[in-house]
Number of protein chains: 2
Amino acid sequence: MLVRTNAAICHSDGDQLHALAGGQLLSSEFKYRRGMEIFGEGEEADYAYQILSGAVRTYKLLSDGRRQINSFHLPGDMFGLENGASHRFTADAVVETSVRIMKRNSLVNVMASRMTGAGSLLRLVTRNLEHAEMHMLLLGRKTALERVAAFLLEMDDRLMHPGVLVLPMSRRDIADYLGVTLETVSRALSILKDEGLLHFDGPTQRRIVLRDRVKLGQLEA
Amino acid sequence: MLVRTNAAICHSDGDQLHALAGGQLLSSEFKYRRGMEIFGEGEEADYAYQILSGAVRTYKLLSDGRRQINSFHLPGDMFGLENGASHRFTADAVVETSVRIMKRNSLVNVMASRMTGAGSLLRLVTRNLEHAEMHMLLLGRKTALERVAAFLLEMDDRLMHPGVLVLPMSRRDIADYLGVTLETVSRALSILKDEGLLHFDGPTQRRIVLRDRVKLGQLEA
DNA sequence: CCCTTGGCTTGATCTCGATCAAGTCCAAAA
DNA sequence: TTTTGGACTTGATCGAGATCAAGCCAAGGG
């Protein structure tokens, strides 16, 4: 967001985001030159954005530089509204672009004050969205082993790190979730077992003990 | 939703969704047996769901049977809340599952009446989510040619079917969006050109004329 | 004007994961 | 108890797309 100091600033109204809160919100217009970063992954998410002209790409990066673009945003589209304090992806201008920005807090506070639970409803929805974004990265850019490792860690997280991970779903389900075949899932699990990162608990193959979450996390890349 | 008539029904309160509207909403509990469909893609979306116990998978199907699971939903998770009148994916129970359901209209009406624009804010967010779901399907299950065809049609749609499609982004951008390499994008475009489905307008390769949207649409799936 | 540079295309080869194909292991039914 | 069938694993082979590499073309700078 180094750009912001250079960007042209003006006020206007009558558009979608501005209208949302009945005109109570300040909104400003900024311009970004082609290729400039609008915000980076992990930065504070103080603003929501709506495109007036141009195009914006939002994406995530893996540590080795592989990139997965989530969306291209075009005039009228909103992006950058976050649940948490920080952005979950990077956004930069594909071409010369002008955007309307407004304080996220204004937006959220107006909602919170006017309707109890609106924020939490929105949170439920954006949680799905957040998950979708992680998953697009996985589907677009990760190897089979990385996908399976990520899957195990996700299930482990969501089931509150039980001693034994009891998967409710079949290998086919997992495969369809991860965008691979069931044989590939099976092979990946066998590799992880052979390398001592997990072992099966009992006769059934649905009960898994994660023996090394750190190494799994490294594999997940 | 044939199941619903067989499902156990009872009323309760005190949980998340119920609390959202300050207790004004009716909510009912239903149980589904393992493998049963909760709702199908394209069905009317009259209810929102929250899982009490069990697990639910939401997925889309391609016409040839390929399946892409969007998410596994676990206790506490909400799913099935839609913008439009119909569900964008199928949901069924992975194991014996009980869910709380409530009329979507109640939820939406309460929001609309209490806060102008809340519905449209939510719509902006869920539009992103909807896009993410389409994209996960593409990333997880489509071939390179299908991805590029889908990309061209998406851009054509969003730019209101101009005579000449002027892409603002590079081949690398497109590749990262589609989860392939830039060479693969280039090859796919060449194939589509050779088959007469499109041609390039002028010396630059960013200006594309779609000559047969119908055939592109067939390729896409 | 020539030279560089970045974006794109095209060709040759390689490889990861898909596909095809057995074979194993329970669990439920008989 | 045996039988049956579904879920899973493992092996052999194939192929779509990645990777490596060369070359084209238009824009920009000397």
# chains A, B, ... in the order shown; residues from 1 in each chain; ligands from 1
>>> closest_atom_pairs(of="chain C", to="chain B", cutoff="8 Å", atoms="only C-alpha atoms (C1' of nucleotides)", output="tab-separated table")
residue	atom	partner	partner_atom	distance
C:DG7	C1'	B:Ser170	CA	7.9
C:DC8	C1'	B:Ser186	CA	7.6
C:DT9	C1'	B:Ser186	CA	6.9
>>> calpha_fit_rmsd(fixed="chain B", moving="chain A")
0.1 Å
>>> interface_residues(of="chain B", to="chain A", cutoff="6 Å", atoms="only C-alpha atoms", output="PyMOL selection string")
chain B and resi 20+68-69+117+129+132+136+139-140+176-177+179
>>> write_last_selection(atoms="C-alpha atoms", output="PDB file, in the first residue's frame")
ATOM      1  CA  LEU B  20     -29.240 -14.504  14.487  1.00  0.00           C
ATOM      2  CA  GLN B  68     -16.032 -31.921  -7.434  1.00  0.00           C
ATOM      3  CA  ILE B  69     -16.700 -31.655  -3.743  1.00  0.00           C
ATOM      4  CA  GLY B 117     -28.640  -2.753   1.805  1.00  0.00           C
ATOM      5  CA  LEU B 129     -18.420 -17.372  -3.013  1.00  0.00           C
ATOM      6  CA  ALA B 132     -15.212 -19.593  -6.043  1.00  0.00           C
ATOM      7  CA  MET B 136     -13.048 -25.029  -7.710  1.00  0.00           C
ATOM      8  CA  LEU B 139      -9.571 -26.378 -11.057  1.00  0.00           C
ATOM      9  CA  GLY B 140     -10.312 -29.769  -9.658  1.00  0.00           C
ATOM     10  CA  ASP B 176      -2.364 -18.881 -12.925  1.00  0.00           C
ATOM     11  CA  TYR B 177      -6.090 -18.312 -12.868  1.00  0.00           C
ATOM     12  CA  GLY B 179      -4.183 -23.685 -12.739  1.00  0.00           C
TER      13      GLY B 179
END
>>> atom_distance(atom1="atom CA of A:Val148", atom2="atom CA of A:Leu189")
7.4 Å
>>> interface_residues(of="chain D", to="chain A", cutoff="8 Å", atoms="only C-alpha atoms (C1' of nucleotides)", output="number ranges by chain")
D: 7-9
>>> atom_distance(atom1="atom CA of A:Leu152", atom2="atom C1' of D:DT19")
29.8 Å
>>> residues_around(residues="B:Val209", least_positions_apart="5", cutoff="6 Å", atoms="only C-alpha atoms (C1' of nucleotides)", output="number ranges by chain")
B: 164-165, 198-199
>>> write_last_selection(atoms="C-alpha atoms", output="PDB file, in the first residue's frame")
ATOM      1  CA  VAL B 164     -14.102  -8.039 -29.739  1.00  0.00           C
ATOM      2  CA  LEU B 165     -12.984  -9.470 -26.424  1.00  0.00           C
ATOM      3  CA  LEU B 198     -12.158 -17.848 -32.421  1.00  0.00           C
ATOM      4  CA  HIS B 199      -9.666 -15.620 -34.176  1.00  0.00           C
TER       5      HIS B 199
END
>>> residues_around(residues="B:Ala149", least_positions_apart="6", cutoff="10 Å", atoms="only C-alpha atoms (C1' of nucleotides)", output="number ranges by chain")
B: 143, 188-189, 192, 197, 213, 215-221
>>> write_last_selection(atoms="C-alpha atoms", output="CSV table (one decimal), in the first residue's frame")
chain,number,residue,atom,x,y,z
B,143,THR,CA,-9.1,-30.4,-18.8
B,188,ALA,CA,-5.3,-24.3,-26.2
B,189,LEU,CA,-5.9,-20.9,-27.8
B,192,LEU,CA,-9.4,-23.1,-30.7
B,197,LEU,CA,-14.0,-21.2,-32.8
B,213,ARG,CA,-20.0,-19.5,-28.5
B,215,LYS,CA,-19.2,-24.9,-29.5
B,216,LEU,CA,-17.1,-23.2,-26.8
B,217,GLY,CA,-19.9,-23.9,-24.4
B,218,GLN,CA,-19.9,-27.5,-25.3
B,219,LEU,CA,-16.2,-27.7,-24.9
B,220,GLU,CA,-16.4,-26.0,-21.5
B,221,ALA,CA,-18.2,-28.9,-19.9
>>> select_by_dssp(residues="stretch 100-179 of chain A", states="helix (DSSP H, G or I)", output="VMD selection string")
chain A and resid 104 to 114 118 to 141 144 to 158 171 to 178
>>> residues_around(residues="C:DA21", least_positions_apart="4", cutoff="12 Å", atoms="only C-alpha atoms (C1' of nucleotides)", output="PyMOL selection string")
chain D and resi 10-13
>>> closest_residue(among="D:DA18, D:DC24, D:DT1, D:DG30", to="C:DC3", atoms="only C-alpha atoms (C1' of nucleotides)")
D:DG30
